[in-house]
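Written below as structure tokens is the structure these notes are about.
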Amino acid sequence: MYINISPQKMGVKYQKSAANFVAYLEKENNETALASCEHFFSQYEDSVSSNEVSTRIDANTSNLHKNHPKFYTITINPSQKELAHLTKHSSNLKDYVRELMKHYAASFNREIYGRKVTVDDLVYFAKIEHKRTFKRTDKAVLENRPIVAEIKQLKQEIKKIESGELTGNIARYRLKIKELEESIPYRQNGQIIVQGMEKEGIQTHVHIIMSRKDATNKHSISPGSKQIASEVFLNGKLIKVGFHRDGFVAKAELCFDTMFQYRRNYAEHYQARKTFIKDPHLYFSNIYKLSVQEKRKAFEIIRPLREKRIIPAISITKAQLALKVFKRLKKGLNHAIQSASIEL
């Protein structure tokens, strides 16, 4: 499970309105039959129009300056393994979001009206999507791009030779194109991966758009605070500030496991991922303490990297051999974490 929280920007500036982002989240509906469309929903509403979402978010920005984010977004990206466990992706994730947002509210070290923040103080709307496309920043796109560009240039030159604008040996050009096509590192179902190509597999995920201000439009509740739990003077008053981001992510994982009786492997745990970053040797040592079945599952999670030959295949019965290569694996396994959708 990968969860990301971020303020919405256009370049270096915060967006003045949520309208553009809301319109972006409607992209799947523009290509989907009306009966199959996914609508925005909130804690208590099942179907909210995009216009209403924009209006309510934009109206809830009292006393926020130009250099303040007006709203934040949370992206919830379940792994392929987690999605495969769910029986009804849309309804399951809708229930999950509503429970998750209770934990989100409780993660604020903030009091309003003399009490802790609750989910009823939030102004948020969520949207489930089922497709993903490769972005220009994806590793596969970045590494394919220069080769694809060279192939395109060669094809353009062939056309010019055929039209008489250039002179050259077309057969050699085509041979070079064939060699370049064979050297392209990333493909999907035999097709060269380029920006905009739809990703294969189950890609269901959730976007949440959330006002920075509370439901009364009086109090700022920002998950962007770098402080975790502290007190500051504001307008002459001592108030609590901060957001427990680390605790929120851990609770999000536990919430999913509890709701859907999901048995999480050690390699999928948030705390395990933190252990990997701090001490990969300990991370693998812990894996080798697991039962044979759980060890197999753990290595299934990092298999995508082994298949790309970035790291060698490791027998789960050869713990001593694996211990010798832990340090060498650290750099490569950072990519494995991303490949398996178990990012921090």
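Letters A, B, ... mark the chains of the structure tokens in the order given; residue numbers begin at 1 per chain; ligand numbers begin at 1, in order shown.
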
* To do: Please provide as number ranges by chain all residues within 7 Å of Asn77 (chain A), with the sequence filter that same-chain residues fewer than 6 positions apart are discarded (counting only C-alpha atoms).
  => A: 1-3, 205-206

Could you write those residues out with all heavy atoms, as a CSV table (one decimal), in the first residue's frame?
```csv
chain,number,residue,atom,x,y,z
A,1,MET,N,0.9,-1.2,0.0
A,1,MET,CA,0.0,0.0,0.0
A,1,MET,C,0.9,1.2,0.0
A,1,MET,O,1.8,1.4,0.9
A,1,MET,CB,-0.9,0.0,1.3
A,1,MET,CG,-1.7,1.2,1.4
A,1,MET,SD,-3.4,1.2,0.7
A,1,MET,CE,-4.1,-0.2,1.5
A,2,TYR,N,0.7,2.1,-1.0
A,2,TYR,CA,1.4,3.3,-1.1
A,2,TYR,C,0.5,4.5,-0.9
A,2,TYR,O,-0.5,4.6,-1.6
A,2,TYR,CB,2.1,3.5,-2.4
A,2,TYR,CG,2.8,4.8,-2.7
A,2,TYR,CD1,3.7,5.3,-1.8
A,2,TYR,CD2,2.4,5.6,-3.8
A,2,TYR,CE1,4.3,6.6,-2.1
A,2,TYR,CE2,2.9,6.8,-4.1
A,2,TYR,CZ,3.9,7.3,-3.2
A,2,TYR,OH,4.4,8.5,-3.4
A,3,ILE,N,0.7,5.3,0.1
A,3,ILE,CA,-0.2,6.5,0.4
A,3,ILE,C,0.7,7.8,0.3
A,3,ILE,O,1.7,7.9,0.9
A,3,ILE,CB,-0.8,6.4,1.8
A,3,ILE,CG1,-1.7,5.2,1.8
A,3,ILE,CG2,-1.6,7.6,2.1
A,3,ILE,CD1,-2.4,4.9,3.2
A,205,HIS,N,-7.2,2.6,-7.8
A,205,HIS,CA,-6.6,3.4,-6.7
A,205,HIS,C,-7.6,4.5,-6.4
A,205,HIS,O,-8.7,4.6,-7.0
A,205,HIS,CB,-5.3,4.0,-7.2
A,205,HIS,CG,-5.4,4.8,-8.5
A,205,HIS,ND1,-5.6,4.2,-9.7
A,205,HIS,CD2,-5.4,6.1,-8.7
A,205,HIS,CE1,-5.6,5.2,-10.6
A,205,HIS,NE2,-5.5,6.3,-10.0
A,206,VAL,N,-7.3,5.3,-5.4
A,206,VAL,CA,-8.2,6.3,-4.9
A,206,VAL,C,-7.5,7.7,-4.8
A,206,VAL,O,-6.4,7.8,-4.3
A,206,VAL,CB,-8.8,6.0,-3.5
A,206,VAL,CG1,-9.9,7.0,-3.1
A,206,VAL,CG2,-9.4,4.6,-3.5
```

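All residues within region 127-269 of chain A that the backbone DSSP calculation assigns to strand (DSSP E) are Lys127, Ile128, Glu129, Arg187, Gln188, Gln191, Ile192, His205, Val206, His207, Ile208, Ile209, Met210, Ser211, Ser230, Glu231, Val232, Phe233, Leu234, Lys237, Leu238, Ile239, Lys240 and Val241 of chain A.
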
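In this comparison, which uses only C-alpha atoms, the residue of A:Gln43, A:Tyr173, A:Ile221, A:Lys178 approaching Ile161 (chain A) most closely is A:Tyr173.
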
* When you draw a straight line from CA of Phe243 (chain A) to CA of Val123 (chain A), how long is it in Å? -> 16.8 Å

* Test item, helix (DSSP H, G or I) assignment across region 131-277 of chain A, answer as a ChimeraX atom specification -> /A:139-163,170-183,245-260,266-268,270-277

* So what do you get for CA of Gln195 (chain A) versus CA of Ala140 (chain A), distance-wise? -> 9.1 Å

* **Asn92 (chain A) surroundings by only C-alpha atoms, 10 Å radius, close-in-sequence under 3 positions cut, as number ranges by chain** => A: 83, 86-89, 95-97, 256, 259-260

* Asked: Any idea what the distance is between CA of Ser90 (chain A) and CA of Ser36 (chain A)?
  ->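 These atoms are spaced 10.9 Å apart.
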
Can you list, as a tab-separated table (two decimals) with C-alpha atoms, in the first residue's frame, every protein, DNA or RNA residue that comes within 8 Å of region 47-55 of chain A when you count only C-alpha atoms, leaving out same-chain residues fewer than 2 positions away?
```tsv
chain	number	residue	atom	x	y	z
A	17	SER	CA	-9.12	26.65	-7.45
A	18	ALA	CA	-9.76	22.92	-7.23
A	19	ALA	CA	-11.56	22.99	-10.61
A	22	VAL	CA	-11.39	17.87	-10.19
A	23	ALA	CA	-11.66	17.95	-13.99
A	26	GLU	CA	-13.11	13.04	-14.28
A	39	HIS	CA	-18.68	9.38	-8.83
A	40	PHE	CA	-17.14	11.53	-6.14
A	41	PHE	CA	-18.18	10.59	-2.63
A	42	SER	CA	-17.66	11.97	0.87
A	45	GLU	CA	-22.62	11.21	0.46
A	57	ILE	CA	-13.65	23.14	-1.82
A	58	ASP	CA	-13.14	26.62	-3.30
A	59	ALA	CA	-15.65	28.19	-0.90
A	125	PHE	CA	-14.29	14.17	-1.53
```

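For the residues A:Arg98, A:Lys131, A:Lys27, A:Lys16, ranking by smallest atom-to-atom distance to His65 (chain A) using only C-alpha atoms places A:Lys16 first.
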
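Shortest separation to Ser79 (chain A) among A:Glu31, A:Ile209, A:Lys289, A:Gly201 occurs at residue A:Gly201, atoms counted being only C-alpha atoms.
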
* Which of A:Asn67, A:Asp246, A:Leu154, A:Val119 sits closest to Gly168 (chain A) [using only C-alpha atoms] -> A:Leu154

* Of the candidates A:Glu82, A:Glu38, A:Glu143, A:Asp120, which shows the shortest atom-to-atom distance to Lys94 (chain A), using only C-alpha atoms? ->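 Among the listed residues, A:Glu38 lies closest to Lys94 (chain A).
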